>>> print(open('coords_36.tsv').read())   # TSV, C-alpha atoms
chain	number	residue	atom	x	y	z
X	1004	ILE	CA	0.00	0.00	0.00
X	1005	PRO	CA	1.72	3.27	-1.07
X	1006	GLY	CA	2.77	5.44	1.88
X	1007	CYS	CA	1.55	2.89	4.42
X	1008	VAL	CA	3.12	0.29	6.68
X	1009	PRO	CA	1.60	-2.96	8.02
X	1010	VAL	CA	0.34	-2.81	11.60
X	1011	LYS	CA	-1.58	-6.09	11.77
X	1012	GLY	CA	-0.55	-9.03	9.62
X	1013	ASP	CA	-0.83	-8.35	5.91
X	1014	PHE	CA	-4.38	-7.03	6.05
X	1015	LEU	CA	-4.25	-3.77	8.04
X	1016	TYR	CA	-1.98	-0.86	7.15
X	1017	ALA	CA	-1.56	2.64	8.57
X	1018	GLY	CA	-0.38	5.80	6.84
X	1019	GLU	CA	3.23	6.58	7.74
X	1020	THR	CA	2.19	10.16	8.43
X	1021	GLU	CA	-0.88	12.25	9.08
X	1022	VAL	CA	-2.67	13.43	5.93
X	1023	THR	CA	-1.10	16.67	4.73
X	1024	ASN	CA	-2.32	19.88	3.14
X	1025	ALA	CA	-0.76	18.65	-0.12
X	1026	HIS	CA	-2.82	15.43	0.04
X	1027	TRP	CA	-5.97	17.43	0.70
X	1028	LEU	CA	-5.23	19.86	-2.16
X	1029	ASP	CA	-4.96	16.91	-4.57
X	1030	PHE	CA	-8.32	15.68	-3.29
X	1031	VAL	CA	-10.24	18.96	-3.58
X	1032	ASN	CA	-8.72	19.85	-6.96
X	1033	HIS	CA	-9.66	16.44	-8.33
X	1034	LYS	CA	-13.19	16.92	-7.05
X	1035	ARG	CA	-13.38	20.39	-8.62
X	1036	LYS	CA	-12.37	19.06	-12.04
X	1037	LYS	CA	-14.97	16.32	-11.83
X	1038	PHE	CA	-17.88	17.99	-10.03
X	1039	GLY	CA	-17.31	21.76	-10.14
X	1040	GLU	CA	-16.90	24.68	-7.78
X	1041	GLU	CA	-19.79	23.91	-5.43
X	1042	VAL	CA	-18.37	20.54	-4.38
X	1043	TYR	CA	-14.86	22.00	-4.24
X	1044	SER	CA	-15.96	24.78	-1.89
X	1045	ARG	CA	-17.81	22.34	0.35
X	1046	LEU	CA	-14.67	20.25	0.84
X	1047	LEU	CA	-12.26	23.07	1.69
X	1048	PRO	CA	-10.99	23.24	5.30
X	1049	ASP	CA	-12.70	25.85	7.45
X	1050	SER	CA	-9.64	28.06	7.88
X	1051	ALA	CA	-11.59	30.42	10.15
X	1052	GLY	CA	-10.96	27.80	12.82
X	1053	TRP	CA	-7.53	29.36	13.30
X	1054	ARG	CA	-9.09	32.55	14.67
X	1055	SER	CA	-8.60	32.92	18.41
X	1056	LYS	CA	-9.48	35.52	21.02
X	1057	THR	CA	-6.14	34.99	22.73
X	1058	ALA	CA	-3.79	34.94	19.71
X	1059	PHE	CA	-3.34	36.75	16.43
X	1060	ASN	CA	-3.60	33.88	13.96
X	1061	GLU	CA	-4.82	35.73	10.86
X	1062	ALA	CA	-1.72	34.64	8.95
X	1063	TYR	CA	-2.72	31.00	9.47
X	1064	VAL	CA	-6.30	31.76	8.39
X	1065	GLU	CA	-4.98	33.02	5.07
X	1066	TYR	CA	-1.88	30.92	4.46
X	1067	TYR	CA	-1.87	27.64	6.43
X	1068	PHE	CA	-3.81	25.58	3.90
X	1069	ARG	CA	-2.80	27.30	0.67
X	1070	HIS	CA	0.79	28.51	1.01
X	1071	PRO	CA	3.46	26.12	-0.37
X	1072	ALA	CA	5.44	26.48	2.87
X	1073	TYR	CA	2.75	24.44	4.65
X	1074	ARG	CA	2.32	21.67	2.07
X	1075	THR	CA	3.86	19.01	4.34
X	1076	TYR	CA	1.96	20.13	7.44
X	1077	PRO	CA	-1.09	18.11	8.59
X	1078	VAL	CA	-4.43	19.22	7.19
X	1079	VAL	CA	-6.65	20.58	9.97
X	1080	ASN	CA	-10.04	22.29	10.33
X	1081	VAL	CA	-11.74	19.49	8.39
X	1082	SER	CA	-14.92	17.77	9.54
X	1083	ARG	CA	-15.48	14.07	10.00
X	1084	GLU	CA	-17.83	14.10	6.99
X	1085	GLN	CA	-15.14	15.66	4.82
X	1086	VAL	CA	-12.61	13.10	6.05
X	1087	ASN	CA	-14.97	10.26	5.14
X	1088	GLU	CA	-15.26	11.71	1.62
X	1089	TYR	CA	-11.48	11.85	1.38
X	1090	CYS	CA	-11.23	8.20	2.41
X	1091	SER	CA	-13.85	7.16	-0.17
X	1092	TRP	CA	-12.03	9.12	-2.89
X	1093	LEU	CA	-8.67	7.52	-2.09
X	1094	GLU	CA	-10.28	4.09	-1.82
X	1095	GLU	CA	-11.71	4.45	-5.32
X	1096	ILE	CA	-8.31	5.45	-6.71
X	1097	LEU	CA	-6.55	2.50	-5.06
X	1098	ASN	CA	-9.16	-0.04	-6.12
X	1099	THR	CA	-9.11	1.23	-9.70
X	1100	HIS	CA	-5.38	0.60	-9.68
X	1101	TYR	CA	-5.68	-2.85	-8.14
X	1102	ASP	CA	-8.39	-3.85	-10.64
X	1103	THR	CA	-5.87	-3.62	-13.47
X	1104	ALA	CA	-2.61	-4.40	-11.63
X	1105	GLU	CA	-2.79	-8.19	-11.76
X	1106	TRP	CA	0.79	-8.44	-10.54
X	1107	GLU	CA	-0.22	-6.86	-7.22
X	1108	PRO	CA	-1.13	-9.30	-4.40
X	1109	THR	CA	-3.70	-6.78	-3.11
X	1110	ALA	CA	-7.02	-6.98	-4.99
X	1111	LYS	CA	-9.41	-4.78	-3.00
X	1112	VAL	CA	-9.06	-2.38	-0.06
X	1113	LYS	CA	-11.10	-0.25	2.32
X	1114	VAL	CA	-9.70	3.17	3.31
X	1115	ARG	CA	-11.03	4.44	6.63
X	1116	LEU	CA	-10.37	5.89	10.06
X	1117	PRO	CA	-9.07	3.42	12.66
X	1118	ASN	CA	-11.02	2.38	15.70
X	1119	GLU	CA	-9.39	2.99	19.08
X	1120	ASP	CA	-7.95	-0.52	19.41
X	1121	GLU	CA	-6.41	-0.36	15.94
X	1122	TRP	CA	-4.92	3.05	16.62
X	1123	LYS	CA	-3.38	1.84	19.89
X	1124	LEU	CA	-2.00	-1.24	18.15
X	1125	ALA	CA	-0.23	1.00	15.63
X	1126	ALA	CA	1.02	3.43	18.29
X	1127	LYS	CA	2.47	0.69	20.52
X	1128	ALA	CA	4.35	-0.83	17.57
X	1129	GLY	CA	4.62	-4.30	19.06
X	1130	ASN	CA	5.30	-3.21	22.65
X	1131	SER	CA	2.15	-3.95	24.65
X	1132	ASP	CA	3.55	-2.08	27.69
X	1133	ALA	CA	4.40	1.13	25.82
X	1134	THR	CA	3.39	4.42	27.49
X	1135	PHE	CA	4.25	6.56	24.45
X	1136	PRO	CA	4.93	5.60	20.83
X	1137	TRP	CA	8.64	5.81	21.69
X	1138	LYS	CA	10.67	3.85	24.24
X	1139	GLY	CA	10.52	4.88	27.87
X	1140	THR	CA	8.32	7.31	29.78
X	1141	SER	CA	10.23	10.56	29.21
X	1142	MET	CA	9.26	13.30	26.75
X	1143	ARG	CA	12.94	13.78	25.90
X	1144	SER	CA	15.25	11.58	23.86
X	1145	SER	CA	17.81	9.47	25.70
X	1146	ASP	CA	19.65	8.55	22.50
X	1147	LYS	CA	23.29	9.67	22.50
X	1148	ASN	CA	22.96	11.57	19.21
X	1149	SER	CA	19.77	13.44	20.17
X	1150	GLU	CA	19.87	13.41	23.96
X	1151	GLY	CA	17.56	15.93	25.60
X	1152	GLN	CA	15.51	16.72	22.49
X	1153	PHE	CA	11.75	16.50	22.71
X	1154	MET	CA	10.17	13.44	21.11
X	1155	ALA	CA	6.93	15.12	20.01
X	1156	ASN	CA	5.12	18.39	19.36
X	1157	PHE	CA	3.22	19.30	22.54
X	1158	VAL	CA	2.90	22.12	25.09
X	1159	ARG	CA	4.97	22.03	28.29
X	1160	GLY	CA	2.75	24.41	30.25
X	1161	LYS	CA	-0.08	26.86	29.82
X	1162	GLY	CA	0.77	29.07	26.87
X	1163	ASP	CA	4.29	27.63	26.56
X	1164	PHE	CA	4.32	26.95	22.81
X	1165	MET	CA	7.70	28.52	22.02
X	1166	GLY	CA	10.02	27.30	24.78
X	1167	ILE	CA	12.63	29.28	26.65
X	1168	ALA	CA	16.18	30.58	26.25
X	1169	GLY	CA	15.49	31.83	22.74
X	1170	SER	CA	14.78	28.44	21.14
X	1171	LEU	CA	11.76	26.31	20.48
X	1172	ASN	CA	11.36	23.50	22.97
X	1173	ASP	CA	9.87	21.15	20.38
X	1174	MET	CA	10.73	23.03	17.18
X	1175	ALA	CA	7.12	24.12	16.54
X	1176	ASP	CA	4.75	26.77	17.84
X	1177	ILE	CA	1.71	25.23	16.10
X	1178	THR	CA	1.73	22.07	14.01
X	1179	ALA	CA	4.95	20.69	12.54
X	1180	PRO	CA	5.63	18.91	9.22
X	1181	VAL	CA	4.21	15.40	9.37
X	1182	ASP	CA	7.61	13.68	9.17
X	1183	SER	CA	9.08	15.63	12.10
X	1184	TYR	CA	10.67	13.93	15.14
X	1185	TRP	CA	11.28	10.18	15.11
X	1186	PRO	CA	8.99	7.39	13.88
X	1187	ASN	CA	7.99	4.55	16.16
X	1188	ASP	CA	9.17	0.98	15.59
X	1189	TYR	CA	6.52	0.48	12.88
X	1190	GLY	CA	7.78	3.55	11.02
X	1191	LEU	CA	4.82	5.79	11.95
X	1192	TYR	CA	5.47	9.48	12.60
X	1193	ASN	CA	3.72	11.69	15.17
X	1194	MET	CA	1.44	9.09	16.71
X	1195	ALA	CA	1.60	11.41	19.73
X	1196	GLY	CA	1.32	15.18	19.54
X	1197	ASN	CA	1.21	17.44	16.47
X	1198	VAL	CA	-2.50	16.89	15.76
X	1199	ALA	CA	-4.97	14.73	17.62
X	1200	GLU	CA	-6.05	12.00	15.20
X	1201	MET	CA	-9.70	11.24	14.49
X	1202	LEU	CA	-10.99	7.76	15.27
X	1203	HIS	CA	-13.81	5.75	13.74
X	1204	GLU	CA	-15.75	6.27	16.97
X	1205	GLN	CA	-17.84	9.43	16.63
X	1206	GLY	CA	-16.32	12.49	18.35
X	1207	ARG	CA	-13.17	10.67	19.44
X	1208	THR	CA	-9.46	11.31	18.92
X	1209	LYS	CA	-6.20	9.85	20.16
X	1210	GLY	CA	-2.65	11.04	20.61
X	1211	GLY	CA	-3.14	14.63	21.73
X	1212	SER	CA	-2.08	17.69	19.75
X	1213	TRP	CA	0.38	20.58	19.65
X	1214	ARG	CA	-1.77	22.24	22.33
X	1215	SER	CA	-1.90	19.19	24.61
X	1216	ARG	CA	0.08	18.55	27.79
X	1217	ALA	CA	2.23	15.42	28.05
X	1218	PRO	CA	-0.34	13.14	29.80
X	1219	TYR	CA	-2.68	13.49	26.82
X	1220	LEU	CA	0.05	12.19	24.53
X	1221	GLU	CA	0.15	8.84	26.33
X	1222	ILE	CA	-1.20	5.99	24.21
X	1223	ASP	CA	-3.82	5.22	26.87
X	1224	GLY	CA	-4.24	8.87	27.84
X	1225	ALA	CA	-7.55	10.70	28.04
X	1226	ASP	CA	-9.02	12.31	24.92
X	1227	PRO	CA	-9.00	16.11	25.37
X	1228	TYR	CA	-11.25	16.52	22.31
X	1229	HIS	CA	-13.86	13.94	23.24
X	1230	GLY	CA	-17.21	14.93	21.75
X	1231	PHE	CA	-15.83	17.22	19.04
X	1232	THR	CA	-18.38	17.92	16.30
X	1233	GLY	CA	-16.49	20.04	13.76
X	1234	GLY	CA	-13.09	20.93	12.43
X	1235	SER	CA	-10.32	22.25	14.68
X	1236	PRO	CA	-6.75	23.51	14.16
X	1237	GLU	CA	-5.73	20.86	16.68
X	1238	ILE	CA	-7.37	17.84	15.01
X	1239	GLY	CA	-6.26	15.98	11.88
X	1240	PHE	CA	-6.28	12.35	10.78
X	1241	ARG	CA	-4.29	9.40	9.48
X	1242	ILE	CA	-5.67	6.86	7.05
X	1243	PHE	CA	-5.83	3.15	7.76
X	1244	VAL	CA	-6.15	0.73	4.85
X	1245	GLU	CA	-7.79	-2.66	5.29
X	1246	VAL	CA	-7.11	-5.32	2.66
X	1247	LEU	CA	-10.44	-6.96	1.84
X	1248	ASP	CA	-9.27	-9.32	-0.90
X	1249	ARG	CA	-5.94	-10.68	-2.09
X	1250	ARG	CA	-4.65	-12.47	-5.16
X	1251	GLU	CA	-1.44	-14.37	-5.77
X	1252	SER	CA	1.56	-12.18	-6.34
X	1253	LYS	CA	3.93	-12.95	-9.21
X	1254	ALA	CA	6.39	-14.54	-6.77
X	1255	GLU	CA	3.64	-16.59	-5.08
X	1256	ARG	CA	2.32	-17.76	-8.46
X	1257	LYS	CA	5.81	-18.77	-9.58
X	1258	SER	CA	6.38	-20.69	-6.34
X	1259	ARG	CA	3.00	-22.47	-6.63
X	1260	LYS	CA	3.65	-23.54	-10.22
X	1261	LYS	CA	7.08	-24.82	-9.24
X	1262	LEU	CA	5.51	-26.93	-6.47
X	1263	GLU	CA	2.84	-28.20	-8.87
X	1264	ARG	CA	5.46	-29.30	-11.40
X	1265	LYS	CA	7.45	-31.02	-8.64
X	1266	PHE	CA	4.30	-32.77	-7.40
X	1267	LYS	CA	3.41	-33.97	-10.91
X	1268	PHE	CA	6.98	-35.22	-11.43
X	1269	ASN	CA	6.95	-37.13	-8.11
X	1270	ALA	CA	3.50	-38.52	-8.86
X	1271	LYS	CA	4.75	-39.81	-12.19
X	1272	LEU	CA	7.74	-41.49	-10.52
X	1273	ILE	CA	5.43	-43.22	-8.02
X	1274	GLU	CA	3.12	-44.30	-10.81
X	1275	ASN	CA	5.99	-45.83	-12.75
X	1276	TRP	CA	7.34	-47.52	-9.62
X	1277	LEU	CA	3.95	-49.09	-8.85
X	1278	ALA	CA	3.30	-50.14	-12.44
X	1279	PRO	CA	3.36	-53.94	-12.96
X	1280	VAL	CA	6.49	-55.35	-14.59
>>> encode(input="coords_36.tsv", output="structure tokens")
Amino acid sequence: IPGCVPVKGDFLYAGETEVTNAHWLDFVNHKRKKFGEEVYSRLLPDSAGWRSKTAFNEAYVEYYFRHPAYRTYPVVNVSREQVNEYCSWLEEILNTHYDTAEWEPTAKVKVRLPNEDEWKLAAKAGNSDATFPWKGTSMRSSDKNSEGQFMANFVRGKGDFMGIAGSLNDMADITAPVDSYWPNDYGLYNMAGNVAEMLHEQGRTKGGSWRSRAPYLEIDGADPYHGFTGGSPEIGFRIFVEVLDRRESKAERKSRKKLERKFKFNAKLIENWLAPV
């Protein structure tokens, strides 16, 4: 599955990153070409969500979704209904490809949001005791080459988005590019922090966001956005792809035919051996 990694056998995959503004632009522009301006306008993020009484965010209202500098940042301010349309659109593209790509072992897929258990499975990356998507219980790296650096995009204290001593504590004052920090052992980036990720369960997210304190970034942490009903600059999403049907790959087909030829050869030897003299 392009841009995805397996998280459960060979039938459930997760996007390596959160869906970006660039991904969403491809989606809405494709819809505009096919269905016109009305559908295009309906699917645009509600950039007014950046407006805040406590911060001057007008630059983000105007530029966050459209400016090339933010192409690799997670798309935000999108509703669950819009996200479902995105998933259906991508699913159609993938299945059209798999219909004609007979060399691909995948034959049919479903693109969707994960349920909570699936999301946790991906975040823990094979470690059932994991507190965060990374090793240990600290928010800072213990690796020799990156010791002391923050492992995710989050807020240390009330209003502390920029850090101290003239540098950013997590290299971001709002969201960060989706491939920032370090991936977990499954190769998934930002399973904690950056943007809270929508779940299949209505009004639920996991992972916390750039405005969340550390406890909300824990894999089993509380959901600070529980009950959300619309888009938010703190909520994005990651696709999960479920393989519904498979076919033999070229390598599997070659191996099967080799075994069949060997079986027929051995069967012939036995037949000749048992034949009366």
>>> residues_around(input="coords_36.tsv", residues="segment 1104-1115 of chain X", least_positions_apart="6", cutoff="12 Å", atoms="all atoms listed in the file", output="count of residues only")
48
>>> residues_near_point(input="coords_36.tsv", point="(8.8, 10.4, 24.0)", cutoff="10 Å", atoms="all atoms listed in the file", output="ChimeraX atom specification")
/X:1134-1145,1152-1156,1184-1185,1187,1195-1196,1217,1220-1221
>>> closest_residue(input="coords_36.tsv", among="X:Ser1149, X:Gln1085, X:Asn1130, X:Pro1071", to="Ser1044 of chain X", atoms="all atoms listed in the file")
X:Gln1085
>>> closest_atom_pairs(input="coords_36.tsv", of="segment 1143-1226 of chain X", to="segment 1233-1236 of chain X", cutoff="10 Å", atoms="only C-alpha atoms", output="tab-separated table")
residue	atom	partner	partner_atom	distance
X:Ile1177	CA	X:Pro1236	CA	8.8
X:Thr1178	CA	X:Pro1236	CA	8.6
X:Val1198	CA	X:Pro1236	CA	8.0
X:Ala1199	CA	X:Pro1236	CA	9.6
X:Gly1206	CA	X:Gly1233	CA	8.8
X:Ser1212	CA	X:Pro1236	CA	9.3
X:Trp1213	CA	X:Pro1236	CA	9.5
X:Arg1214	CA	X:Pro1236	CA	9.7
>>> closest_residue(input="coords_36.tsv", among="X:Val1064, X:Val1042, X:Ala1051, X:Val1022", to="Asn1193 of chain X", atoms="all atoms listed in the file")
X:Val1022
>>> atom_distance(input="coords_36.tsv", atom1="atom CA of Tyr1192 of chain X", atom2="atom CA of Thr1023 of chain X")
12.5 Å
>>> atom_distance(input="coords_36.tsv", atom1="atom CA of Thr1099 of chain X", atom2="atom CA of Pro1009 of chain X")
21.1 Å
>>> atom_distance(input="coords_36.tsv", atom1="atom CA of Arg1216 of chain X", atom2="atom CA of Val1158 of chain X")
5.3 Å
>>> closest_residue(input="coords_36.tsv", among="X:Phe1157, X:Tyr1189, X:Val1078, X:Asn1024", to="Pro1218 of chain X", atoms="all atoms listed in the file")
X:Phe1157
>>> closest_residue(input="coords_36.tsv", among="X:Glu1065, X:Asp1049, X:Glu1040, X:Asp1146", to="Ser1082 of chain X", atoms="all atoms listed in the file")
X:Asp1049
